[in-house]
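> Below is the structure I would like to discuss, written out as structure tokens.
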Amino acid sequence: MKQTPVVNRSVTMEDVARKAGVSRALVSLVMRESPKVSPAKRTAVLETAAALGYSPNRLASRLASHRTKTLGVLFLDLHNSVFADIYDGISEGIAGSGNQVMVAVGSADPRTELEAVRSFVDLRVDGVILAGYTGSSAELAAALRGTPAVVITRQLEADGVDSVLTDDFRSGALAVEHLHRLGHRRIAHVDISDWLPYTARREGYLHAMEQFGLEPMLVHSDMTERGGREVMEKFLASGATLPTAIFAHNDLTAIGIMEALAAHGLSVPGDVAIVGCDNIEVAASPLIGLTSIDQHAGQLGREAAQAMLDRIAGSSGPGLTRKLDPVLVVRRSSSPGA
């Protein structure tokens with residue numbers, strides 16, 4: 001017996017119209033939820049569509065309206081939970097707006113970041129949110145090709161690009177002020193690599209040290225727990241006089257430093273007090289008790305989402321900057337009585 005060949009293709013509006021005995025225009029009205037269709041015909045079309053397995057091409061309809069209802073979100077690193085907190089804030093901020101999020105992960109390499117941005121733009125996202133961008137303003141503007149953008153954790157000067165960040169200069173100063181009040185005078189800062197454009201925490205540290213007449217001590221590391229351990233191991237092996245307190249660029253680095261000190265039988269804060277930055281969830285663990293500078297990661301995400309929605313809604317003009325004030329959260333790692 002001769003069999004009819006199976007055609008592997010998507011069901012179209014024409015198929016639904018033909019099976020339901022109506023016009024394609026009527027099917028289109030039903031799929032767009034137009035009130036101009038009678039209940040009986042709407043039901044007939046929907047039942048036919050369900051029977052045939054028809055699924056509306058939402059992307060095509062969105063492109064026709066010059067909106068994809070999609071936002072590209074680029075994160076520097078997903079190993080650091082501060083970015084997860086930012087993501088939660090973004091999700092809360094766009095809830096109910098009908099927008100979806102497309103996520104990409106960059107690296108501390110502007111070429112990788114720009115490639116991700118170009119991919120977002122090629123996919124016609126309505127806007128791009130970047131958390132931890134390390135490239136230049138000019139390169140970002142060229143990659144965006146007019147697509148609105150919001151940069152989180154850094155201030156950039158570029159048309160159509162808004163910035164949402166916490167005052168990192170103040171964060172560095174807060175850490176030193178806190179440790180100075182506790183009587184510390186040998187305060188080190190475990191900083192990030194020189195080439196990264198996130199220097200405000202270092203500048204705040206250096207400013208406060210100068211204000212108190214103290215000699216700064218800078219040590220560079222990456223932004224990971226492993227990096228913090230390695231820096232502390234090298235310092236201990238050098239035989240140099242230990243600082244009595246350390247301000248780490250972020251919480252992961254601070255935790256790595258604490259691990260290295262514990263491995264050598266040194267106590268925190270008895271031998272060395274530690275202050276981190278970001279106030280990630282694990283910092284509050286009773287097993288760690290890390291004093292940290294709260295960057296309000298969730299709020300940064302919510303503020304960025306609102307800035308993006310404002311742009312998409314038609315807000316024009318130069319880029320705006322929203323800056324939050326950091327808050328010191330004192331725990332056991334810097335104060336025995338905390």
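Every chain in the structure tokens has a letter given in the order shown (A, B, ...), and although residue numbers restart at 1 in each chain, ligands are simply numbered from 1 in the order shown.
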Would you mind listing what lies within 10 Å of Glu14 in chain A as a PyMOL selection string, with only C-alpha atoms counted and same-chain residues fewer than 4 positions away left out?
chain A and resi 18-20+22-25+27-28
> Next, the residues of the selection above should be written as a PDB file, in the first residue's frame with N, CA and C atoms.

```
ATOM      1  N   ARG A  18      -7.440  26.743   6.639  1.00  0.00           N
ATOM      2  CA  ARG A  18      -8.009  25.767   5.703  1.00  0.00           C
ATOM      3  C   ARG A  18      -8.824  24.706   6.439  1.00  0.00           C
ATOM      4  N   LYS A  19      -8.273  24.202   7.548  1.00  0.00           N
ATOM      5  CA  LYS A  19      -8.958  23.152   8.311  1.00  0.00           C
ATOM      6  C   LYS A  19     -10.225  23.680   8.972  1.00  0.00           C
ATOM      7  N   ALA A  20     -10.189  24.942   9.450  1.00  0.00           N
ATOM      8  CA  ALA A  20     -11.340  25.523  10.152  1.00  0.00           C
ATOM      9  C   ALA A  20     -12.358  26.105   9.185  1.00  0.00           C
ATOM     10  N   VAL A  22     -12.021  28.980   7.488  1.00  0.00           N
ATOM     11  CA  VAL A  22     -12.093  30.433   7.653  1.00  0.00           C
ATOM     12  C   VAL A  22     -10.916  31.058   6.914  1.00  0.00           C
ATOM     13  N   SER A  23     -10.859  32.373   6.921  1.00  0.00           N
ATOM     14  CA  SER A  23      -9.748  33.052   6.251  1.00  0.00           C
ATOM     15  C   SER A  23      -8.523  33.120   7.161  1.00  0.00           C
ATOM     16  N   ARG A  24      -7.360  33.294   6.526  1.00  0.00           N
ATOM     17  CA  ARG A  24      -6.130  33.460   7.301  1.00  0.00           C
ATOM     18  C   ARG A  24      -6.188  34.725   8.149  1.00  0.00           C
ATOM     19  N   ALA A  25      -6.824  35.765   7.617  1.00  0.00           N
ATOM     20  CA  ALA A  25      -6.949  37.027   8.361  1.00  0.00           C
ATOM     21  C   ALA A  25      -7.701  36.806   9.661  1.00  0.00           C
ATOM     22  N   VAL A  27      -7.878  33.968  11.382  1.00  0.00           N
ATOM     23  CA  VAL A  27      -6.979  33.244  12.291  1.00  0.00           C
ATOM     24  C   VAL A  27      -6.000  34.218  12.943  1.00  0.00           C
ATOM     25  N   SER A  28      -5.480  35.143  12.147  1.00  0.00           N
ATOM     26  CA  SER A  28      -4.550  36.139  12.675  1.00  0.00           C
ATOM     27  C   SER A  28      -5.191  36.979  13.759  1.00  0.00           C
TER      28      SER A  28
END
```
> Once DSSP has gone over the backbone, tell me which residues of range 171-243 of chain A are in helix (DSSP H, G or I), as a PyMOL selection string.
chain A and resi 171-181+200-211+225-238
> Output the selection as a compact mmCIF listing (two decimals), in the first residue's frame - N, CA, C and O atoms for each residue.

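As a result, again-v7.txt now contains:
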```
# COMPACT_ATOMS: atom_id res chain seq x y z
N SER A 171 33.03 53.07 49.78
CA SER A 171 33.18 51.71 50.33
C SER A 171 34.60 51.52 50.87
O SER A 171 34.79 51.00 51.97
N GLY A 172 35.59 51.92 50.07
CA GLY A 172 36.97 51.80 50.52
C GLY A 172 37.26 52.61 51.75
O GLY A 172 37.94 52.16 52.69
N ALA A 173 36.72 53.82 51.80
CA ALA A 173 36.93 54.69 52.96
C ALA A 173 36.24 54.13 54.20
O ALA A 173 36.79 54.17 55.31
N LEU A 174 35.03 53.58 54.02
CA LEU A 174 34.29 53.00 55.15
C LEU A 174 35.08 51.89 55.83
O LEU A 174 35.12 51.79 57.07
N ALA A 175 35.69 51.03 55.01
CA ALA A 175 36.46 49.92 55.56
C ALA A 175 37.61 50.42 56.42
O ALA A 175 37.82 49.94 57.54
N VAL A 176 38.36 51.40 55.92
CA VAL A 176 39.50 51.93 56.66
C VAL A 176 39.04 52.64 57.93
O VAL A 176 39.63 52.48 59.01
N GLU A 177 37.99 53.43 57.82
CA GLU A 177 37.47 54.15 58.99
C GLU A 177 37.07 53.18 60.10
O GLU A 177 37.35 53.40 61.29
N HIS A 178 36.41 52.11 59.72
CA HIS A 178 35.98 51.10 60.69
C HIS A 178 37.19 50.46 61.38
O HIS A 178 37.24 50.36 62.62
N LEU A 179 38.17 50.05 60.59
CA LEU A 179 39.34 49.38 61.15
C LEU A 179 40.19 50.34 61.99
O LEU A 179 40.74 49.96 63.03
N HIS A 180 40.26 51.59 61.57
CA HIS A 180 41.00 52.59 62.34
C HIS A 180 40.35 52.82 63.70
O HIS A 180 41.04 52.95 64.73
N ARG A 181 39.02 52.86 63.72
CA ARG A 181 38.31 53.03 65.00
C ARG A 181 38.61 51.89 65.97
O ARG A 181 38.60 52.07 67.20
N ALA A 200 37.88 52.48 42.19
CA ALA A 200 37.33 53.41 43.19
C ALA A 200 37.49 52.89 44.62
O ALA A 200 37.73 53.68 45.54
N ARG A 201 37.37 51.58 44.83
CA ARG A 201 37.54 51.05 46.19
C ARG A 201 38.97 51.27 46.65
O ARG A 201 39.22 51.64 47.81
N ARG A 202 39.92 51.06 45.75
CA ARG A 202 41.33 51.32 46.06
C ARG A 202 41.54 52.79 46.38
O ARG A 202 42.23 53.15 47.35
N GLU A 203 40.95 53.66 45.55
CA GLU A 203 41.13 55.10 45.76
C GLU A 203 40.53 55.55 47.09
O GLU A 203 41.10 56.40 47.78
N GLY A 204 39.40 54.97 47.46
CA GLY A 204 38.80 55.29 48.76
C GLY A 204 39.68 54.84 49.90
O GLY A 204 39.84 55.55 50.92
N TYR A 205 40.26 53.64 49.76
CA TYR A 205 41.19 53.12 50.77
C TYR A 205 42.40 54.05 50.91
O TYR A 205 42.78 54.44 52.03
N LEU A 206 43.01 54.41 49.77
CA LEU A 206 44.21 55.26 49.80
C LEU A 206 43.90 56.64 50.40
O LEU A 206 44.71 57.18 51.16
N HIS A 207 42.73 57.17 50.06
CA HIS A 207 42.36 58.49 50.59
C HIS A 207 42.22 58.44 52.10
O HIS A 207 42.74 59.32 52.82
N ALA A 208 41.53 57.41 52.61
CA ALA A 208 41.32 57.31 54.06
C ALA A 208 42.65 57.06 54.78
O ALA A 208 42.90 57.61 55.86
N MET A 209 43.51 56.23 54.20
CA MET A 209 44.82 55.98 54.82
C MET A 209 45.62 57.27 54.93
O MET A 209 46.27 57.54 55.95
N GLU A 210 45.58 58.08 53.88
CA GLU A 210 46.28 59.36 53.90
C GLU A 210 45.68 60.29 54.95
O GLU A 210 46.42 60.98 55.67
N GLN A 211 44.37 60.31 55.05
CA GLN A 211 43.70 61.16 56.04
C GLN A 211 44.13 60.82 57.46
O GLN A 211 44.26 61.70 58.31
N GLU A 225 38.13 33.37 45.49
CA GLU A 225 38.51 32.79 46.78
C GLU A 225 39.92 32.20 46.68
O GLU A 225 40.75 32.37 47.58
N ARG A 226 40.19 31.50 45.57
CA ARG A 226 41.52 30.92 45.35
C ARG A 226 42.59 32.00 45.34
O ARG A 226 43.66 31.85 45.93
N GLY A 227 42.28 33.13 44.68
CA GLY A 227 43.24 34.23 44.62
C GLY A 227 43.55 34.78 45.99
O GLY A 227 44.71 35.11 46.30
N GLY A 228 42.55 34.88 46.85
CA GLY A 228 42.77 35.36 48.21
C GLY A 228 43.67 34.42 48.99
O GLY A 228 44.57 34.87 49.73
N ARG A 229 43.44 33.11 48.84
CA ARG A 229 44.30 32.14 49.53
C ARG A 229 45.74 32.25 49.06
O ARG A 229 46.68 32.25 49.87
N GLU A 230 45.93 32.34 47.74
CA GLU A 230 47.28 32.39 47.19
C GLU A 230 48.04 33.63 47.64
O GLU A 230 49.23 33.55 47.99
N VAL A 231 47.36 34.77 47.65
CA VAL A 231 48.01 36.01 48.08
C VAL A 231 48.45 35.91 49.54
O VAL A 231 49.57 36.29 49.90
N MET A 232 47.58 35.36 50.39
CA MET A 232 47.91 35.27 51.80
C MET A 232 49.01 34.25 52.04
O MET A 232 49.91 34.46 52.88
N GLU A 233 49.00 33.13 51.30
CA GLU A 233 50.04 32.11 51.43
C GLU A 233 51.41 32.70 51.07
O GLU A 233 52.41 32.46 51.76
N LYS A 234 51.46 33.46 49.99
CA LYS A 234 52.72 34.07 49.56
C LYS A 234 53.21 35.08 50.61
O LYS A 234 54.40 35.17 50.89
N PHE A 235 52.28 35.83 51.17
CA PHE A 235 52.66 36.85 52.16
C PHE A 235 53.22 36.17 53.41
O PHE A 235 54.26 36.59 53.95
N LEU A 236 52.56 35.10 53.84
CA LEU A 236 53.03 34.40 55.03
C LEU A 236 54.39 33.75 54.78
O LEU A 236 55.26 33.73 55.67
N ALA A 237 54.58 33.23 53.57
CA ALA A 237 55.86 32.59 53.24
C ALA A 237 57.00 33.60 53.15
O ALA A 237 58.17 33.25 53.32
N SER A 238 56.68 34.86 52.88
CA SER A 238 57.72 35.89 52.71
C SER A 238 58.37 36.28 54.03
O SER A 238 59.46 36.86 54.05
```
> Mind listing the strand (DSSP E) residues of range 196-269 of chain A, per DSSP on the backbone, as a PyMOL selection string?
chain A and resi 217-220+245-248
> So, with only C-alpha atoms as the atoms that count, which of A:Gly72, A:Leu182, A:Ser335, A:Val101 lies closest to Leu144 in chain A?
A:Gly72
> Considering only C-alpha atoms, state which residue in the set A:Ser38, A:Ser316, A:Asn80, A:Thr321 is at the smallest distance from Thr147 in chain A.
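Of all the options, A:Ser316 lies closest to Thr147 in chain A.
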> For a quick check of understanding, using only C-alpha atoms, which of A:Val219, A:Ala284, A:Ala245, A:Met13 has the smallest distance to Ala50 in chain A?
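When distances to Ala50 in chain A are compared using only C-alpha atoms, the smallest one comes from A:Met13.
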> Hey, can you check how far CA of Ile312 in chain A sits from CA of Asn99 in chain A?
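It comes out at 10.8 Å.
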> Please provide as an mmCIF file with N, CA and C atoms, in the first residue's frame all residues within 9 Å of Asp194 in chain A, with the sequence filter that same-chain residues fewer than 4 positions apart are discarded (counting only C-alpha atoms).

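Wrote it out as selection-v7.cif, contents follow:
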```
data_model
loop_
_atom_site.group_PDB
_atom_site.id
_atom_site.type_symbol
_atom_site.label_atom_id
_atom_site.label_comp_id
_atom_site.auth_asym_id
_atom_site.auth_seq_id
_atom_site.Cartn_x
_atom_site.Cartn_y
_atom_site.Cartn_z
ATOM 1 N N TYR A 198 38.136 49.191 37.712
ATOM 2 C CA TYR A 198 37.377 49.287 38.956
ATOM 3 C C TYR A 198 38.329 49.694 40.071
ATOM 4 N N THR A 199 38.700 50.954 40.069
ATOM 5 C CA THR A 199 39.740 51.438 40.982
ATOM 6 C C THR A 199 39.189 52.245 42.159
ATOM 7 N N HIS A 220 48.032 42.905 44.966
ATOM 8 C CA HIS A 220 47.091 42.619 43.877
ATOM 9 C C HIS A 220 46.734 41.139 43.815
#
```
> Restricting the calculation to only C-alpha atoms: of A:Val330, A:Ala158, A:Ile86, A:Ala142, which residue gets closest to Ala283 in chain A?
A:Val330
> Please report as JSON lines every residue of range 80-175 of chain A lying within 7 Å of range 295-304 of chain A, along with the nearest atom pair and their distance in Å (one decimal), using only C-alpha atoms.

```
{"residue": "A:Val82", "atom": "CA", "partner": "A:Ala297", "partner_atom": "CA", "distance": 6.3}
{"residue": "A:Asp85", "atom": "CA", "partner": "A:Gly298", "partner_atom": "CA", "distance": 5.2}
{"residue": "A:Ile86", "atom": "CA", "partner": "A:Gly301", "partner_atom": "CA", "distance": 4.6}
{"residue": "A:Tyr87", "atom": "CA", "partner": "A:Gly301", "partner_atom": "CA", "distance": 6.2}
{"residue": "A:Asp88", "atom": "CA", "partner": "A:Gly298", "partner_atom": "CA", "distance": 6.3}
{"residue": "A:Gly89", "atom": "CA", "partner": "A:Gly301", "partner_atom": "CA", "distance": 4.1}
{"residue": "A:Ile90", "atom": "CA", "partner": "A:Gly301", "partner_atom": "CA", "distance": 4.3}
{"residue": "A:Glu92", "atom": "CA", "partner": "A:Arg302", "partner_atom": "CA", "distance": 6.5}
{"residue": "A:Gly93", "atom": "CA", "partner": "A:Arg302", "partner_atom": "CA", "distance": 4.5}
{"residue": "A:Val150", "atom": "CA", "partner": "A:Ala304", "partner_atom": "CA", "distance": 6.2}
{"residue": "A:Ile152", "atom": "CA", "partner": "A:Ala304", "partner_atom": "CA", "distance": 6.9}
{"residue": "A:Val164", "atom": "CA", "partner": "A:Ala304", "partner_atom": "CA", "distance": 6.1}
{"residue": "A:Leu165", "atom": "CA", "partner": "A:Leu300", "partner_atom": "CA", "distance": 6.6}
{"residue": "A:Thr166", "atom": "CA", "partner": "A:Gln295", "partner_atom": "CA", "distance": 5.9}
```
> Just the residues within 6 Å of range 117-131 of chain A, please, counting only C-alpha atoms, with nothing from its chain fewer than 3 positions along; format it as number ranges by chain.
A: 70-75, 114, 143, 147-152
